[in-house]
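Heads up, upload.txt below (compact mmCIF, C-alpha atoms):
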```
# COMPACT_ATOMS: atom_id res chain seq x y z
CA MET I 1 14.97 -3.12 -4.05
CA LYS I 2 15.44 -5.49 -1.15
CA PRO I 3 12.87 -5.04 1.60
CA LEU I 4 13.39 -6.17 5.14
CA ILE I 5 12.36 -9.83 5.36
CA GLN I 6 10.08 -10.06 8.37
CA LYS I 7 9.94 -13.27 10.42
CA LEU I 8 6.70 -13.80 12.31
CA PRO I 9 6.20 -16.03 15.35
CA VAL I 10 3.43 -18.63 15.34
CA ASP I 11 2.74 -20.42 18.62
CA SER I 12 1.76 -24.07 18.96
CA SER I 13 -1.93 -23.26 19.48
CA SER I 14 -2.43 -21.56 16.11
CA SER I 15 -1.39 -22.08 12.49
CA PHE I 16 -1.39 -18.34 11.70
CA VAL I 17 -0.95 -14.94 13.33
CA ALA I 18 -3.77 -12.48 14.10
CA ARG I 19 -2.87 -9.45 16.17
CA THR I 20 -3.23 -5.71 16.55
CA TYR I 21 -0.20 -3.50 15.93
CA THR I 22 -0.15 0.06 17.25
CA THR I 23 2.35 2.80 16.43
CA PRO I 24 4.54 4.55 17.39
CA TYR I 25 5.44 1.44 19.37
CA PHE I 26 5.58 -0.78 16.29
CA GLU I 27 7.08 0.53 13.05
CA THR I 28 8.25 -1.34 9.96
CA PRO I 29 10.09 0.07 6.95
CA TRP I 30 9.63 -1.20 3.41
CA HIS I 31 9.51 -4.96 4.03
CA GLN I 32 8.30 -8.34 2.86
CA HIS I 33 7.52 -11.72 4.41
CA GLU I 34 6.69 -15.22 3.28
CA GLU I 35 3.15 -15.05 4.65
CA TYR I 36 0.02 -13.73 2.97
CA GLU I 37 -1.38 -10.72 4.80
CA LEU I 38 -4.97 -9.63 5.31
CA LEU I 39 -5.26 -6.39 7.26
CA ILE I 40 -7.51 -3.52 8.20
CA GLU I 41 -6.21 -0.08 9.10
CA ILE I 42 -7.96 0.83 12.36
CA ALA I 43 -6.47 4.29 12.93
CA GLY I 44 -4.17 6.66 11.08
CA ASN I 45 -3.60 7.58 7.47
CA GLY I 46 -0.73 8.12 5.09
CA SER I 47 0.93 6.70 1.99
CA ALA I 48 0.68 3.07 0.91
CA PHE I 49 3.61 1.62 -1.02
CA ILE I 50 2.64 -1.85 -2.26
CA GLY I 51 4.89 -3.33 -4.92
CA ASP I 52 5.03 -0.63 -7.60
CA HIS I 53 1.76 0.93 -6.39
CA ILE I 54 1.77 4.35 -4.73
CA GLY I 55 -1.43 5.47 -3.06
CA GLU I 56 -3.03 6.53 0.18
CA TYR I 57 -4.50 4.57 3.05
CA HIS I 58 -7.11 5.64 5.60
CA ALA I 59 -8.73 4.14 8.66
CA GLY I 60 -11.10 1.40 7.55
CA ASP I 61 -9.12 0.37 4.46
CA VAL I 62 -8.68 -3.38 3.97
CA PHE I 63 -5.92 -5.04 1.94
CA LEU I 64 -4.98 -8.59 0.95
CA LEU I 65 -1.28 -8.87 0.13
CA GLY I 66 0.46 -11.82 -1.48
CA LYS I 67 3.46 -13.61 -0.04
CA ASN I 68 6.75 -11.74 -0.50
CA LEU I 69 4.93 -8.67 -1.86
CA PRO I 70 6.96 -5.67 -0.58
CA HIS I 71 4.91 -3.05 1.24
CA TRP I 72 5.19 -0.05 3.52
CA PHE I 73 2.37 1.90 5.16
CA ARG I 74 3.97 5.25 5.94
CA LYS I 75 2.09 7.48 8.36
CA LYS I 76 1.37 11.04 7.27
CA ASP I 77 2.74 12.32 10.58
CA VAL I 78 5.42 10.52 12.58
CA GLU I 79 3.67 11.58 15.81
CA MET I 80 0.36 10.11 14.66
CA VAL I 81 -0.91 7.03 16.46
CA GLY I 82 -1.67 4.33 13.93
CA SER I 83 -3.25 0.94 14.45
CA ALA I 84 -3.96 -2.09 12.29
CA VAL I 85 -5.32 -5.59 12.75
CA VAL I 86 -3.07 -7.92 10.78
CA VAL I 87 -3.65 -11.56 9.88
CA GLN I 88 -0.65 -13.38 8.41
CA PHE I 89 -0.81 -16.94 7.14
CA ARG I 90 0.92 -19.37 4.84
CA GLU I 91 -0.66 -21.48 2.13
CA GLU I 92 0.47 -24.58 4.03
CA ILE I 93 -2.14 -24.04 6.75
CA PHE I 94 -4.75 -25.46 4.36
CA GLY I 95 -2.88 -28.74 3.92
CA GLU I 96 -1.50 -30.35 0.80
CA ASN I 97 -4.77 -31.07 -1.04
CA PHE I 98 -7.35 -28.71 0.49
CA LEU I 99 -6.80 -25.89 -2.02
CA ASN I 100 -7.15 -28.38 -4.88
CA LEU I 101 -10.75 -29.19 -3.96
CA PRO I 102 -13.29 -27.83 -6.51
CA GLU I 103 -14.95 -25.72 -3.81
CA MET I 104 -11.64 -24.04 -3.02
CA GLN I 105 -10.71 -22.96 -6.55
CA PRO I 106 -12.00 -19.37 -6.11
CA ILE I 107 -9.85 -18.96 -2.98
CA LYS I 108 -6.85 -20.56 -4.69
CA ASN I 109 -7.20 -18.11 -7.59
CA THR I 110 -7.55 -15.16 -5.21
CA LEU I 111 -4.34 -16.11 -3.40
CA LYS I 112 -2.55 -16.08 -6.76
CA GLN I 113 -4.01 -12.67 -7.61
CA ALA I 114 -2.93 -11.36 -4.20
CA SER I 115 0.60 -11.17 -5.63
CA HIS I 116 -0.59 -7.89 -7.18
CA GLY I 117 -2.04 -6.56 -3.92
CA ILE I 118 -5.80 -6.29 -3.49
CA ALA I 119 -7.75 -3.39 -1.97
CA LEU I 120 -11.35 -4.06 -0.96
CA LYS I 121 -14.21 -1.70 -1.78
CA GLY I 122 -17.78 -0.97 -0.79
CA GLU I 123 -19.82 -3.49 1.19
CA LEU I 124 -17.06 -6.10 0.96
CA ARG I 125 -14.64 -3.70 2.65
CA GLU I 126 -17.08 -3.18 5.52
CA THR I 127 -17.94 -6.87 5.91
CA ILE I 128 -14.36 -8.12 5.94
CA GLY I 129 -13.30 -5.18 8.10
CA ASN I 130 -15.87 -6.07 10.75
CA THR I 131 -14.63 -9.67 10.84
CA LEU I 132 -11.00 -8.58 11.16
CA ARG I 133 -11.86 -6.28 14.06
CA MET I 134 -12.96 -9.29 16.10
CA ILE I 135 -10.83 -12.13 14.72
CA GLU I 136 -8.08 -11.63 17.31
CA SER I 137 -10.56 -12.47 20.07
CA LEU I 138 -11.41 -15.82 18.45
CA SER I 139 -9.41 -19.00 18.83
CA GLY I 140 -9.03 -22.49 17.45
CA PHE I 141 -11.29 -23.67 14.64
CA THR I 142 -13.58 -20.63 14.97
CA GLN I 143 -10.69 -18.30 14.18
CA LEU I 144 -9.53 -20.40 11.23
CA ALA I 145 -13.08 -20.62 9.89
CA ALA I 146 -13.37 -16.82 10.09
CA LEU I 147 -10.21 -16.44 7.99
CA ILE I 148 -11.41 -18.94 5.38
CA ASN I 149 -14.79 -17.20 5.24
CA CYS I 150 -13.05 -13.84 4.64
CA LEU I 151 -11.04 -15.33 1.78
CA HIS I 152 -14.17 -16.92 0.32
CA GLN I 153 -16.09 -13.63 0.36
CA ILE I 154 -13.19 -11.85 -1.33
CA SER I 155 -12.88 -14.59 -3.94
CA VAL I 156 -16.51 -14.36 -5.10
CA SER I 157 -16.78 -10.55 -5.05
CA ASP I 158 -16.09 -7.97 -7.73
CA GLN I 159 -15.60 -5.23 -5.12
CA VAL I 160 -11.81 -5.45 -5.36
CA THR I 161 -9.04 -3.36 -6.92
CA TYR I 162 -5.73 -4.87 -8.04
CA LEU I 163 -2.92 -2.50 -7.14
CA THR I 164 0.36 -3.43 -8.81
CA GLN I 165 1.20 -3.59 -12.50
CA THR I 166 4.27 -5.80 -12.36
CA SER I 167 5.11 -9.11 -10.78
CA ILE I 168 7.28 -9.42 -7.68
CA ILE I 169 10.94 -8.63 -8.25
CA SER I 170 13.86 -10.68 -6.96
CA PHE I 171 15.78 -8.55 -4.49
CA SER I 172 19.31 -8.48 -3.15
CA LYS I 173 19.62 -7.79 0.57
CA GLN I 174 22.08 -4.90 0.23
CA ASP I 175 19.51 -2.79 -1.65
CA GLN I 176 17.04 -2.46 1.23
CA ASP I 177 18.66 0.49 3.00
CA ARG I 178 19.33 2.32 -0.25
CA ILE I 179 15.79 2.24 -1.57
CA HIS I 180 14.22 2.97 1.80
CA LYS I 181 16.43 6.06 2.10
CA VAL I 182 15.27 7.21 -1.34
CA TYR I 183 11.61 6.67 -0.48
CA GLU I 184 11.87 8.47 2.85
CA TYR I 185 13.85 11.38 1.39
CA THR I 186 11.29 11.76 -1.38
CA MET I 187 8.35 11.79 1.02
CA GLN I 188 10.02 14.46 3.14
CA ASN I 189 11.02 16.69 0.21
CA PHE I 190 8.61 16.17 -2.72
CA GLN I 191 7.07 19.62 -2.21
CA LYS I 192 10.47 21.19 -2.90
CA LYS I 193 12.74 21.06 -5.91
CA ILE I 194 14.56 17.73 -5.87
CA LEU I 195 17.80 17.27 -7.79
CA LEU I 196 18.76 13.84 -9.07
CA GLU I 197 22.29 14.52 -7.86
CA ASP I 198 21.04 14.78 -4.27
CA VAL I 199 18.97 11.60 -4.51
CA ALA I 200 21.81 9.67 -6.16
CA SER I 201 24.15 10.73 -3.36
CA LEU I 202 21.92 8.89 -0.86
CA THR I 203 22.95 5.65 -2.56
CA ASN I 204 26.57 6.68 -3.17
CA GLN I 205 26.08 6.45 -6.94
CA SER I 206 26.43 8.74 -9.93
CA VAL I 207 23.22 10.09 -11.46
CA SER I 208 23.53 7.73 -14.40
CA ALA I 209 24.19 4.68 -12.21
CA PHE I 210 21.38 5.61 -9.81
CA SER I 211 18.86 6.11 -12.62
CA HIS I 212 19.63 2.67 -14.03
CA TYR I 213 19.62 1.13 -10.54
CA PHE I 214 16.29 2.65 -9.50
CA LYS I 215 14.47 1.68 -12.70
CA LYS I 216 15.88 -1.85 -12.64
CA ASN I 217 14.63 -2.39 -9.10
CA THR I 218 11.31 -0.52 -9.13
CA LYS I 219 10.28 -0.85 -12.81
CA LYS I 220 9.88 2.93 -13.11
CA ASN I 221 12.33 5.81 -13.36
CA TYR I 222 12.81 8.14 -10.42
CA ILE I 223 11.11 11.13 -12.06
CA GLN I 224 8.03 9.01 -12.71
CA PHE I 225 8.05 7.89 -9.07
CA LEU I 226 8.40 11.48 -7.84
CA THR I 227 5.62 12.68 -10.14
CA GLU I 228 3.26 9.99 -8.84
CA ILE I 229 3.98 11.07 -5.27
CA ARG I 230 3.19 14.70 -6.15
CA ILE I 231 0.00 13.84 -8.02
CA SER I 232 -1.17 11.66 -5.14
CA HIS I 233 -0.67 14.61 -2.77
CA SER I 234 -2.53 16.96 -5.12
CA CYS I 235 -5.48 14.54 -5.23
CA LYS I 236 -5.71 14.65 -1.45
CA LEU I 237 -5.74 18.46 -1.47
CA LEU I 238 -8.26 18.66 -4.31
CA ALA I 239 -10.65 16.33 -2.52
CA GLY I 240 -10.22 17.56 1.03
CA THR I 241 -9.44 21.28 1.02
CA GLU I 242 -10.72 24.55 -0.41
CA MET I 243 -7.33 25.58 -1.75
CA SER I 244 -7.39 26.85 -5.33
CA VAL I 245 -6.15 24.47 -8.01
CA THR I 246 -3.25 26.82 -8.71
CA GLU I 247 -2.24 26.80 -5.04
CA ILE I 248 -2.43 23.01 -5.04
CA CYS I 249 -0.19 22.86 -8.09
CA TYR I 250 2.64 24.62 -6.26
CA GLU I 251 1.90 23.02 -2.88
CA SER I 252 2.40 19.61 -4.50
CA GLY I 253 5.87 20.43 -5.80
CA PHE I 254 5.12 21.49 -9.38
CA HIS I 255 6.62 24.72 -10.66
CA ASN I 256 4.18 25.59 -13.44
CA TRP I 257 0.55 24.93 -14.22
CA SER I 258 0.99 23.33 -17.65
CA ASN I 259 3.37 20.71 -16.28
CA PHE I 260 1.02 19.91 -13.40
CA SER I 261 -2.04 19.69 -15.64
CA LYS I 262 -0.29 17.45 -18.17
CA HIS I 263 0.95 14.98 -15.58
CA PHE I 264 -2.37 14.99 -13.71
CA LYS I 265 -4.32 14.07 -16.85
CA THR I 266 -1.80 11.37 -17.76
CA ILE I 267 -1.99 9.67 -14.37
CA MET I 268 -5.59 10.34 -13.30
CA LEU I 269 -7.17 10.33 -16.80
CA MET I 270 -9.06 13.54 -16.05
CA SER I 271 -8.35 17.20 -15.34
CA PRO I 272 -7.71 18.48 -11.80
CA MET I 273 -11.02 20.37 -11.85
CA LYS I 274 -12.98 17.30 -12.92
CA TYR I 275 -11.31 15.29 -10.17
CA ARG I 276 -12.26 17.95 -7.62
CA ARG I 277 -15.90 17.98 -8.73
CA SER I 278 -16.03 14.19 -8.33
CA ASN I 279 -14.30 14.02 -4.97
CA ARG I 280 -15.00 17.13 -2.91
CA ARG I 281 -15.42 15.47 0.47
CA TYR I 282 -15.20 18.79 2.29
CA ILE I 283 -18.56 19.91 0.83
CA GLN I 284 -20.26 17.39 3.11
CA LYS I 285 -18.55 18.91 6.13
CA SER I 286 -19.98 22.36 5.41
CA ASN I 287 -23.55 21.16 4.91
```

Do you think you could lay out the structure here as C-alpha cells?
Amino acid sequence: MKPLIQKLPVDSSSSFVARTYTTPYFETPWHQHEEYELLIEIAGNGSAFIGDHIGEYHAGDVFLLGKNLPHWFRKKDVEMVGSAVVVQFREEIFGENFLNLPEMQPIKNTLKQASHGIALKGELRETIGNTLRMIESLSGFTQLAALINCLHQISVSDQVTYLTQTSIISFSKQDQDRIHKVYEYTMQNFQKKILLEDVASLTNQSVSAFSHYFKKNTKKNYIQFLTEIRISHSCKLLAGTEMSVTEICYESGFHNWSNFSKHFKTIMLMSPMKYRRSNRRYIQKSN
C-alpha cells in the first residue's frame, strides 16, 4: 500500500507546522509524511485508518502519529464539516544531541513508540487537547516549548493506547490509488454483500492475485479487513442507538446472527449484549 507522500511547508520563522485544517476545503486520502504528527479533532467524526488499525474518531480525540505512518481520517458524511488542529514536526528540530540528554529519554522513547500510533485517553487527552487548541496562536520559543511540554506529558503518562500491531511497511508508489479505491469502495458498500471479484476488479487483478496483494501490503486478508469494518460499525450502533441487536447484525452487513456473534466475540472479546451494557451512551440522553 503506497500512501500519498505529503510535503509540508515550513517558513523561516518556525521549525515546525501548527495549523487548523477545515473540510470540505481540505481533504487528504490515505497518506504519509516524513514528519511526526500531533493532532486534535475539533469537529466531525468518522473512521480512523492508522497503519493496520481501523477505528473511529470523534471531536476531541487526540493522536500522536510517527513519521511515515500511513493514516486517513475519513468523515462519516462527505457533506460534514470537519476540523482539526495539526502539529507536524521532524526529529531534527531538537538538534543533534538534545534527544540524547538524560532528561529527554522519555520523549525519545515516546517518539519511537509513535510508529505504532498513539491515542490519548482521559485527563491527558483533555490537557493536551487544550494546549493544541491554542498552540497555533503562539509563536517563537513559546510555541516550541508548548510542543515539547505536550510530548513530555505524553511520555510520562499511562493514559495512552497504542493502535497498530505491525511496523511500518515499505510501499511502492503505484499501489496508492489501488488501495485507496479498495478502502473507499469498502466503506461505501460494507452494509451490502461484497464479492471478492468486484473488489479485485478495482485493482485490475484476479481474485487470487488481489488476495495475495492485499495481504502482502496490509498484513491482513481482505475478509478480515471487511469484518473489522462491519464490527466497528456495529459497535457504534450498539453504543449509540436503541436498535435491537438483531437489527444491528443485519445493518452492519452480516447475513446471520451466529456469524455476527462469532466475529464480534473474536474481535471485541465480549458478546454484543455485554458491549451494549458497557457502552450505552444514549441512556444518558434520555435521563

Neighbour list for Val86 of chain I as a ChimeraX atom specification, cut-off 12 Å, only C-alpha atoms, skip fewer than 6 positions in-chain: /I:8,16-22,35-42,62-65,129,131-136,147

Contact residues around Gly117 of chain I with only C-alpha atoms at 9 Å, ignoring same-chain residues under 6 positions, as a ChimeraX atom specification: /I:50-51,53,63-66,69,161-164

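Residues of protein, DNA and RNA with at least one atom no farther than 12 Å from (-23.0, -4.0, -2.7) are, using only C-alpha atoms, I:Leu120, I:Lys121, I:Gly122, I:Glu123, I:Leu124, I:Arg125, I:Glu126, I:Thr127, I:Ser157, I:Asp158, I:Gln159, I:Val160.
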
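Near Leu151 of chain I, within 10 Å and counting all atoms listed in the file, sit Leu38, Leu64, Met104, Pro106, Ile107, Lys108, Thr110, Leu111, Ile128, Ala145, Ala146 and Val156 of chain I, not including residues fewer than 5 positions from it in the same chain.
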
Box for segment 249-259 of chain I: with edges along x, y and z, all listed atoms inside and 6 Å added on each side, what are the centre and edge lengths in Å to one decimal, as AutoDock Vina command-line options?
```
--center_x 3.2 --center_y 22.6 --center_z -10.3 --size_x 18.8 --size_y 18.0 --size_z 26.8
```

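Take atom CA of Ser244 of chain I and atom CA of His58 of chain I: the distance between them is 23.9 Å.
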
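The space between atom CA of Glu228 of chain I and atom CA of Lys192 of chain I spans 14.6 Å.
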
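For the choices I:Gly82, I:Thr142, I:Pro29, I:His152, the atom-to-atom distance to Gln105 of chain I is smallest for I:His152 when using only C-alpha atoms.
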
Of the listed residues I:Val207, I:Ala200, I:Ile118, I:Leu269, that which approaches Ile179 of chain I most closely, counting only C-alpha atoms: I:Ala200

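Rounded to one decimal, atom CA of Leu202 of chain I and atom CA of Met187 of chain I lie 14.0 Å from each other.
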
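For the set I:Arg280, I:His180, I:His255, I:Lys219, the residue with the smallest atom-to-atom gap to Thr241 of chain I is I:Arg280, counting only C-alpha atoms.
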
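Using all atoms listed in the file, the nearest neighbour of Trp30 of chain I within the list I:Leu101, I:Val182, I:Ile148, I:Met270 is I:Val182.
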
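Here the question is which of I:Leu226, I:Met243, I:Ile248, I:Leu138 gets nearest to Ile54 of chain I using only C-alpha atoms, and that residue is I:Leu226.
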
Polymer residues at most 12 Å from Asp52 of chain I, only C-alpha atoms, same-chain spacing of 6 or more positions, as JSON, numbers by chain: {"I": [1, 30, 69, 70, 71, 72, 115, 116, 117, 162, 163, 164, 165, 166, 167, 168, 169, 214, 215, 217, 218, 219, 220, 221, 224, 225, 228, 229]}

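Proximity of I:Tyr57, I:Tyr250, I:Phe73, I:Tyr213 to Lys193 of chain I, computed with all atoms listed in the file, is greatest for I:Tyr250.
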